[in-house]
>>> print(open('data34.txt').read())   # compact mmCIF, N, CA and C atoms
# COMPACT_ATOMS: atom_id res chain seq x y z
N MET A 1 3.44 36.91 10.50
CA MET A 1 3.83 35.52 10.45
C MET A 1 2.75 34.74 9.69
N ALA A 2 3.17 33.92 8.75
CA ALA A 2 2.24 33.14 7.95
C ALA A 2 1.57 32.08 8.81
N SER A 3 0.29 31.83 8.52
CA SER A 3 -0.41 30.80 9.29
C SER A 3 0.06 29.42 8.84
N LYS A 4 -0.02 28.49 9.76
CA LYS A 4 0.40 27.12 9.49
C LYS A 4 -0.65 26.44 8.63
N ARG A 5 -0.24 25.81 7.55
CA ARG A 5 -1.15 25.09 6.66
C ARG A 5 -1.09 23.62 7.03
N VAL A 6 -2.23 22.97 7.07
CA VAL A 6 -2.33 21.58 7.49
C VAL A 6 -3.06 20.80 6.41
N ILE A 7 -2.59 19.60 6.14
CA ILE A 7 -3.26 18.69 5.22
C ILE A 7 -3.93 17.60 6.04
N GLU A 8 -5.19 17.37 5.77
CA GLU A 8 -5.94 16.34 6.47
C GLU A 8 -6.12 15.15 5.53
N VAL A 9 -5.85 13.95 6.03
CA VAL A 9 -5.96 12.74 5.22
C VAL A 9 -6.94 11.78 5.88
N GLU A 10 -7.93 11.35 5.12
CA GLU A 10 -8.87 10.36 5.64
C GLU A 10 -8.27 8.98 5.49
N LEU A 11 -8.21 8.24 6.59
CA LEU A 11 -7.64 6.91 6.59
C LEU A 11 -8.74 5.88 6.34
N PRO A 12 -8.37 4.74 5.80
CA PRO A 12 -9.38 3.69 5.57
C PRO A 12 -10.02 3.27 6.89
N GLU A 13 -11.26 2.82 6.82
CA GLU A 13 -11.98 2.38 8.00
C GLU A 13 -11.20 1.26 8.71
N GLY A 14 -11.06 1.38 10.00
CA GLY A 14 -10.36 0.37 10.78
C GLY A 14 -8.85 0.56 10.85
N ALA A 15 -8.33 1.52 10.11
CA ALA A 15 -6.88 1.75 10.12
C ALA A 15 -6.47 2.36 11.47
N GLU A 16 -5.50 1.75 12.08
CA GLU A 16 -4.94 2.24 13.33
C GLU A 16 -3.44 2.40 13.13
N PRO A 17 -3.02 3.53 12.53
CA PRO A 17 -1.60 3.69 12.22
C PRO A 17 -0.72 3.75 13.46
N THR A 18 0.44 3.14 13.32
CA THR A 18 1.43 3.18 14.40
C THR A 18 2.11 4.55 14.37
N PRO A 19 2.80 4.91 15.44
CA PRO A 19 3.55 6.16 15.42
C PRO A 19 4.54 6.22 14.24
N GLU A 20 5.14 5.08 13.89
CA GLU A 20 6.07 5.03 12.77
C GLU A 20 5.36 5.31 11.45
N GLU A 21 4.15 4.77 11.29
CA GLU A 21 3.38 5.00 10.07
C GLU A 21 2.95 6.46 9.96
N LEU A 22 2.57 7.07 11.08
CA LEU A 22 2.21 8.49 11.06
C LEU A 22 3.41 9.34 10.69
N GLU A 23 4.58 8.98 11.22
CA GLU A 23 5.81 9.70 10.88
C GLU A 23 6.11 9.55 9.40
N LEU A 24 5.89 8.35 8.87
CA LEU A 24 6.10 8.10 7.45
C LEU A 24 5.19 8.97 6.60
N LEU A 25 3.92 9.04 6.96
CA LEU A 25 2.98 9.88 6.22
C LEU A 25 3.42 11.34 6.22
N GLU A 26 3.79 11.84 7.38
CA GLU A 26 4.23 13.23 7.48
C GLU A 26 5.50 13.47 6.66
N THR A 27 6.45 12.56 6.77
CA THR A 27 7.71 12.69 6.04
C THR A 27 7.49 12.64 4.53
N THR A 28 6.59 11.77 4.10
CA THR A 28 6.29 11.65 2.67
C THR A 28 5.72 12.95 2.13
N VAL A 29 4.76 13.52 2.83
CA VAL A 29 4.16 14.78 2.38
C VAL A 29 5.21 15.89 2.39
N GLN A 30 6.05 15.93 3.42
CA GLN A 30 7.11 16.94 3.46
C GLN A 30 8.06 16.78 2.28
N ALA A 31 8.40 15.53 1.93
CA ALA A 31 9.29 15.28 0.80
C ALA A 31 8.66 15.76 -0.51
N ILE A 32 7.38 15.47 -0.69
CA ILE A 32 6.69 15.91 -1.89
C ILE A 32 6.69 17.44 -1.98
N MET A 33 6.40 18.10 -0.88
CA MET A 33 6.38 19.56 -0.88
C MET A 33 7.78 20.13 -1.15
N SER A 34 8.80 19.50 -0.59
CA SER A 34 10.17 19.96 -0.84
C SER A 34 10.53 19.80 -2.31
N LEU A 35 10.18 18.66 -2.87
CA LEU A 35 10.47 18.42 -4.29
C LEU A 35 9.76 19.44 -5.17
N ARG A 36 8.59 19.84 -4.77
CA ARG A 36 7.78 20.74 -5.58
C ARG A 36 8.23 22.19 -5.45
N HIS A 37 8.71 22.59 -4.27
CA HIS A 37 8.93 24.01 -4.02
C HIS A 37 10.37 24.43 -3.77
N GLU A 38 11.23 23.56 -3.27
CA GLU A 38 12.60 23.96 -2.97
C GLU A 38 13.48 23.74 -4.19
N GLY A 39 14.25 24.74 -4.55
CA GLY A 39 15.16 24.61 -5.68
C GLY A 39 14.44 24.42 -7.00
N ARG A 40 13.24 24.94 -7.10
CA ARG A 40 12.41 24.72 -8.29
C ARG A 40 13.10 25.21 -9.57
N ARG A 41 13.68 26.38 -9.53
CA ARG A 41 14.32 26.96 -10.73
C ARG A 41 15.46 26.08 -11.21
N GLU A 42 16.32 25.65 -10.28
CA GLU A 42 17.45 24.81 -10.64
C GLU A 42 16.98 23.46 -11.16
N LEU A 43 15.95 22.92 -10.54
CA LEU A 43 15.40 21.64 -10.97
C LEU A 43 14.87 21.73 -12.40
N GLU A 44 14.09 22.76 -12.67
CA GLU A 44 13.52 22.92 -14.01
C GLU A 44 14.62 23.12 -15.05
N GLN A 45 15.66 23.86 -14.69
CA GLN A 45 16.78 24.08 -15.61
C GLN A 45 17.50 22.76 -15.90
N THR A 46 17.72 21.97 -14.88
CA THR A 46 18.38 20.68 -15.06
C THR A 46 17.54 19.76 -15.93
N LEU A 47 16.23 19.71 -15.68
CA LEU A 47 15.34 18.88 -16.49
C LEU A 47 15.34 19.33 -17.95
N ARG A 48 15.28 20.62 -18.19
CA ARG A 48 15.32 21.13 -19.57
C ARG A 48 16.63 20.75 -20.26
N GLN A 49 17.74 20.83 -19.53
CA GLN A 49 19.04 20.48 -20.11
C GLN A 49 19.11 19.00 -20.45
N LEU A 50 18.64 18.16 -19.55
CA LEU A 50 18.63 16.72 -19.82
C LEU A 50 17.78 16.40 -21.04
N GLU A 51 16.59 17.01 -21.12
CA GLU A 51 15.72 16.77 -22.26
C GLU A 51 16.34 17.31 -23.55
N ALA A 52 17.03 18.44 -23.46
CA ALA A 52 17.72 18.98 -24.64
C ALA A 52 18.84 18.05 -25.09
N ASP A 53 19.41 17.32 -24.16
CA ASP A 53 20.47 16.36 -24.48
C ASP A 53 19.90 15.02 -24.94
N GLY A 54 18.57 14.94 -25.10
CA GLY A 54 17.96 13.74 -25.63
C GLY A 54 17.44 12.76 -24.60
N TRP A 55 17.52 13.09 -23.32
CA TRP A 55 17.05 12.20 -22.27
C TRP A 55 15.55 12.37 -22.06
N SER A 56 14.87 11.30 -21.79
CA SER A 56 13.48 11.33 -21.36
C SER A 56 13.52 11.09 -19.85
N VAL A 57 13.08 12.06 -19.07
CA VAL A 57 13.25 12.01 -17.62
C VAL A 57 11.90 11.81 -16.93
N HIS A 58 11.86 10.85 -16.01
CA HIS A 58 10.67 10.58 -15.20
C HIS A 58 11.13 10.43 -13.76
N CYS A 59 10.45 11.07 -12.84
CA CYS A 59 10.79 10.99 -11.42
C CYS A 59 9.63 10.35 -10.66
N ARG A 60 9.96 9.59 -9.64
CA ARG A 60 8.95 9.01 -8.77
C ARG A 60 9.55 8.74 -7.40
N LEU A 61 8.69 8.62 -6.45
CA LEU A 61 9.14 8.29 -5.10
C LEU A 61 9.35 6.79 -5.01
N GLY A 62 10.18 6.38 -4.11
CA GLY A 62 10.44 4.96 -3.93
C GLY A 62 11.02 4.70 -2.55
N TRP A 63 11.26 3.45 -2.29
CA TRP A 63 11.82 3.01 -1.02
C TRP A 63 13.24 2.52 -1.22
N ILE A 64 14.07 2.76 -0.23
CA ILE A 64 15.42 2.20 -0.19
C ILE A 64 15.51 1.35 1.07
N ALA A 65 15.86 0.09 0.89
CA ALA A 65 16.04 -0.82 2.02
C ALA A 65 17.53 -1.15 2.12
N GLU A 66 18.07 -1.11 3.31
CA GLU A 66 19.50 -1.37 3.51
C GLU A 66 19.70 -2.43 4.58
N ALA A 67 20.73 -3.22 4.39
CA ALA A 67 21.09 -4.24 5.38
C ALA A 67 22.60 -4.19 5.58
N ARG A 68 23.01 -4.30 6.83
CA ARG A 68 24.44 -4.32 7.17
C ARG A 68 24.70 -5.50 8.08
N ARG A 69 25.85 -6.12 7.86
CA ARG A 69 26.32 -7.20 8.73
C ARG A 69 27.83 -7.11 8.71
N GLY A 70 28.37 -6.61 9.81
CA GLY A 70 29.82 -6.40 9.85
C GLY A 70 30.21 -5.41 8.75
N ARG A 71 31.12 -5.84 7.87
CA ARG A 71 31.56 -4.98 6.77
C ARG A 71 30.68 -5.13 5.52
N GLU A 72 29.77 -6.09 5.56
CA GLU A 72 28.89 -6.31 4.42
C GLU A 72 27.78 -5.26 4.40
N PHE A 73 27.40 -4.87 3.21
CA PHE A 73 26.34 -3.88 3.04
C PHE A 73 25.58 -4.16 1.76
N GLU A 74 24.28 -4.17 1.83
CA GLU A 74 23.43 -4.33 0.65
C GLU A 74 22.38 -3.22 0.67
N GLN A 75 22.03 -2.77 -0.52
CA GLN A 75 21.02 -1.73 -0.65
C GLN A 75 20.13 -2.08 -1.84
N ALA A 76 18.82 -1.93 -1.66
CA ALA A 76 17.88 -2.25 -2.72
C ALA A 76 16.84 -1.13 -2.83
N PHE A 77 16.34 -0.94 -4.04
CA PHE A 77 15.31 0.06 -4.30
C PHE A 77 14.04 -0.62 -4.77
N GLY A 78 12.91 -0.07 -4.36
CA GLY A 78 11.63 -0.59 -4.83
C GLY A 78 10.59 0.51 -4.84
N VAL A 79 9.59 0.39 -5.69
CA VAL A 79 8.54 1.40 -5.73
C VAL A 79 7.59 1.26 -4.54
N THR A 80 7.64 0.11 -3.86
CA THR A 80 6.92 -0.06 -2.60
C THR A 80 7.91 -0.60 -1.57
N ARG A 81 7.55 -0.49 -0.32
CA ARG A 81 8.41 -1.01 0.74
C ARG A 81 8.58 -2.51 0.58
N ASP A 82 7.47 -3.21 0.27
CA ASP A 82 7.54 -4.66 0.11
C ASP A 82 8.51 -5.06 -0.99
N ARG A 83 8.49 -4.35 -2.12
CA ARG A 83 9.39 -4.68 -3.22
C ARG A 83 10.84 -4.41 -2.85
N ALA A 84 11.08 -3.32 -2.13
CA ALA A 84 12.45 -3.01 -1.73
C ALA A 84 12.99 -4.07 -0.77
N VAL A 85 12.17 -4.48 0.19
CA VAL A 85 12.60 -5.50 1.15
C VAL A 85 12.77 -6.85 0.46
N ALA A 86 11.88 -7.20 -0.48
CA ALA A 86 12.02 -8.46 -1.21
C ALA A 86 13.32 -8.46 -2.02
N GLU A 87 13.63 -7.35 -2.67
CA GLU A 87 14.88 -7.25 -3.42
C GLU A 87 16.08 -7.34 -2.49
N LEU A 88 15.98 -6.69 -1.33
CA LEU A 88 17.05 -6.76 -0.34
C LEU A 88 17.25 -8.20 0.13
N HIS A 89 16.16 -8.92 0.34
CA HIS A 89 16.25 -10.32 0.74
C HIS A 89 17.00 -11.13 -0.32
N THR A 90 16.67 -10.89 -1.57
CA THR A 90 17.36 -11.58 -2.67
C THR A 90 18.86 -11.28 -2.64
N LEU A 91 19.19 -10.01 -2.48
CA LEU A 91 20.61 -9.62 -2.47
C LEU A 91 21.36 -10.21 -1.29
N THR A 92 20.73 -10.21 -0.11
CA THR A 92 21.42 -10.76 1.06
C THR A 92 21.53 -12.27 0.97
N ALA A 93 20.57 -12.91 0.31
CA ALA A 93 20.65 -14.38 0.13
C ALA A 93 21.85 -14.74 -0.73
N LEU A 94 22.21 -13.89 -1.65
CA LEU A 94 23.38 -14.15 -2.51
C LEU A 94 24.67 -14.15 -1.69
N ASP A 95 24.65 -13.45 -0.55
CA ASP A 95 25.83 -13.38 0.32
C ASP A 95 25.87 -14.48 1.37
N ALA A 96 24.82 -15.26 1.46
CA ALA A 96 24.74 -16.29 2.51
C ALA A 96 25.75 -17.38 2.25
N PRO A 97 26.40 -17.87 3.29
CA PRO A 97 27.34 -18.98 3.13
C PRO A 97 26.61 -20.23 2.59
N ALA A 98 27.31 -21.04 1.87
CA ALA A 98 26.72 -22.28 1.31
C ALA A 98 26.13 -23.12 2.43
N GLY A 99 24.94 -23.61 2.23
CA GLY A 99 24.28 -24.46 3.22
C GLY A 99 23.56 -23.68 4.29
N TYR A 100 23.63 -22.35 4.27
CA TYR A 100 22.96 -21.54 5.27
C TYR A 100 21.57 -21.20 4.78
N SER A 101 20.59 -21.35 5.64
CA SER A 101 19.20 -21.03 5.29
C SER A 101 18.67 -20.02 6.29
N ALA A 102 18.08 -18.91 5.75
CA ALA A 102 17.54 -17.88 6.63
C ALA A 102 16.17 -18.25 7.13
>>> encode(input="data34.txt", output="structure tokens")
Amino acid sequence: MASKRVIEVELPEGAEPTPEELELLETTVQAIMSLRHEGRRELEQTLRQLEADGWSVHCRLGWIAEARRGREFEQAFGVTRDRAVAELHTLTALDAPAGYSA
């Protein structure tokens, strides 16, 4: 059985991460490892095909923020959580009834 590999991350002085933030850190590293190692051959083949078709391809991680109210649904993307939530706020403001202030 293969030994478990662990990544250690030094946090900034005074940082007291919440359980949610620790989960986020773990999930982020797992996502990066999955992107790097799972389906690698198919991924490389797809990238080569896109580039052969003239596309310039760049990948990056990002945040998706979603809001639901009844049947209404908005979704926004941002390279940071703050940007995604700010964009979501803009989108939901467009749906606000006239004269309504959040």
>>> atom_distance(input="data34.txt", atom1="atom C of A:Leu11", atom2="atom C of A:Ala84")
24.9 Å
>>> select_by_dssp(input="data34.txt", residues="stretch 7-77 of chain A", states="alpha helix (DSSP H)", output="VMD selection string")
chain A and resid 19 to 37 40 to 52
>>> atom_distance(input="data34.txt", atom1="atom CA of A:Glu10", atom2="atom CA of A:Gly78")
25.5 Å
>>> atom_distance(input="data34.txt", atom1="atom CA of A:Ser56", atom2="atom CA of A:Ile32")
21.1 Å
>>> residues_near_point(input="data34.txt", point="(15.1, -10.2, -1.7)", cutoff="12 Å", atoms="only C-alpha atoms", output="ChimeraX atom specification")
/A:65-67,74-78,81-95,102
>>> select_by_dssp(input="data34.txt", residues="chain A", states="strand (DSSP E or B)", output="number ranges by chain")
A: 63-69, 72-78
>>> decode(input="data34.txt", residues="stretch 30-65 of chain A", atoms="N, CA and C atoms", output="compact mmCIF listing (two decimals), in the first residue's frame")
# COMPACT_ATOMS: atom_id res chain seq x y z
N GLN A 30 -6.71 19.45 -3.82
CA GLN A 30 -7.21 18.24 -4.47
C GLN A 30 -7.60 18.52 -5.91
N ALA A 31 -8.23 19.68 -6.17
CA ALA A 31 -8.62 20.04 -7.54
C ALA A 31 -7.39 20.20 -8.42
N ILE A 32 -6.37 20.86 -7.91
CA ILE A 32 -5.15 21.05 -8.68
C ILE A 32 -4.52 19.69 -9.01
N MET A 33 -4.45 18.82 -8.04
CA MET A 33 -3.87 17.50 -8.28
C MET A 33 -4.70 16.70 -9.28
N SER A 34 -6.01 16.81 -9.19
CA SER A 34 -6.87 16.11 -10.15
C SER A 34 -6.66 16.64 -11.56
N LEU A 35 -6.59 17.95 -11.68
CA LEU A 35 -6.36 18.56 -12.99
C LEU A 35 -5.03 18.11 -13.57
N ARG A 36 -4.06 17.94 -12.73
CA ARG A 36 -2.71 17.60 -13.19
C ARG A 36 -2.57 16.13 -13.53
N HIS A 37 -3.28 15.25 -12.82
CA HIS A 37 -3.01 13.82 -12.95
C HIS A 37 -4.14 12.97 -13.51
N GLU A 38 -5.39 13.36 -13.35
CA GLU A 38 -6.50 12.54 -13.83
C GLU A 38 -6.83 12.90 -15.27
N GLY A 39 -6.94 11.91 -16.12
CA GLY A 39 -7.30 12.16 -17.51
C GLY A 39 -6.25 12.95 -18.26
N ARG A 40 -5.02 12.84 -17.85
CA ARG A 40 -3.94 13.65 -18.43
C ARG A 40 -3.81 13.44 -19.94
N ARG A 41 -3.85 12.21 -20.38
CA ARG A 41 -3.69 11.92 -21.82
C ARG A 41 -4.80 12.56 -22.64
N GLU A 42 -6.04 12.42 -22.19
CA GLU A 42 -7.17 13.00 -22.91
C GLU A 42 -7.10 14.52 -22.90
N LEU A 43 -6.70 15.08 -21.77
CA LEU A 43 -6.57 16.53 -21.66
C LEU A 43 -5.52 17.05 -22.64
N GLU A 44 -4.37 16.42 -22.67
CA GLU A 44 -3.30 16.87 -23.57
C GLU A 44 -3.73 16.74 -25.03
N GLN A 45 -4.44 15.67 -25.35
CA GLN A 45 -4.93 15.48 -26.72
C GLN A 45 -5.93 16.57 -27.10
N THR A 46 -6.82 16.89 -26.20
CA THR A 46 -7.80 17.94 -26.46
C THR A 46 -7.12 19.29 -26.64
N LEU A 47 -6.14 19.60 -25.78
CA LEU A 47 -5.41 20.86 -25.90
C LEU A 47 -4.66 20.93 -27.23
N ARG A 48 -4.01 19.86 -27.62
CA ARG A 48 -3.30 19.84 -28.91
C ARG A 48 -4.26 20.06 -30.07
N GLN A 49 -5.44 19.45 -30.00
CA GLN A 49 -6.43 19.61 -31.07
C GLN A 49 -6.93 21.04 -31.15
N LEU A 50 -7.23 21.64 -30.00
CA LEU A 50 -7.67 23.03 -29.99
C LEU A 50 -6.61 23.95 -30.57
N GLU A 51 -5.35 23.74 -30.17
CA GLU A 51 -4.26 24.57 -30.68
C GLU A 51 -4.07 24.34 -32.17
N ALA A 52 -4.23 23.10 -32.62
CA ALA A 52 -4.13 22.81 -34.06
C ALA A 52 -5.24 23.50 -34.84
N ASP A 53 -6.37 23.70 -34.19
CA ASP A 53 -7.50 24.40 -34.82
C ASP A 53 -7.37 25.91 -34.72
N GLY A 54 -6.23 26.39 -34.19
CA GLY A 54 -5.98 27.82 -34.15
C GLY A 54 -6.34 28.51 -32.84
N TRP A 55 -6.78 27.76 -31.84
CA TRP A 55 -7.15 28.35 -30.56
C TRP A 55 -5.92 28.53 -29.68
N SER A 56 -5.88 29.59 -28.94
CA SER A 56 -4.88 29.79 -27.90
C SER A 56 -5.61 29.51 -26.58
N VAL A 57 -5.17 28.48 -25.86
CA VAL A 57 -5.90 28.00 -24.70
C VAL A 57 -5.14 28.32 -23.41
N HIS A 58 -5.84 28.90 -22.45
CA HIS A 58 -5.27 29.19 -21.13
C HIS A 58 -6.29 28.74 -20.09
N CYS A 59 -5.83 28.03 -19.08
CA CYS A 59 -6.71 27.55 -18.01
C CYS A 59 -6.29 28.18 -16.69
N ARG A 60 -7.27 28.45 -15.85
CA ARG A 60 -6.99 28.96 -14.51
C ARG A 60 -8.14 28.59 -13.59
N LEU A 61 -7.85 28.62 -12.33
CA LEU A 61 -8.89 28.35 -11.33
C LEU A 61 -9.69 29.62 -11.11
N GLY A 62 -10.89 29.48 -10.68
CA GLY A 62 -11.73 30.63 -10.41
C GLY A 62 -12.86 30.25 -9.46
N TRP A 63 -13.65 31.24 -9.15
CA TRP A 63 -14.78 31.07 -8.25
C TRP A 63 -16.08 31.20 -9.04
N ILE A 64 -17.07 30.43 -8.63
CA ILE A 64 -18.42 30.56 -9.16
C ILE A 64 -19.32 30.89 -7.98
N ALA A 65 -20.04 32.00 -8.09
CA ALA A 65 -20.99 32.41 -7.05
C ALA A 65 -22.40 32.27 -7.65
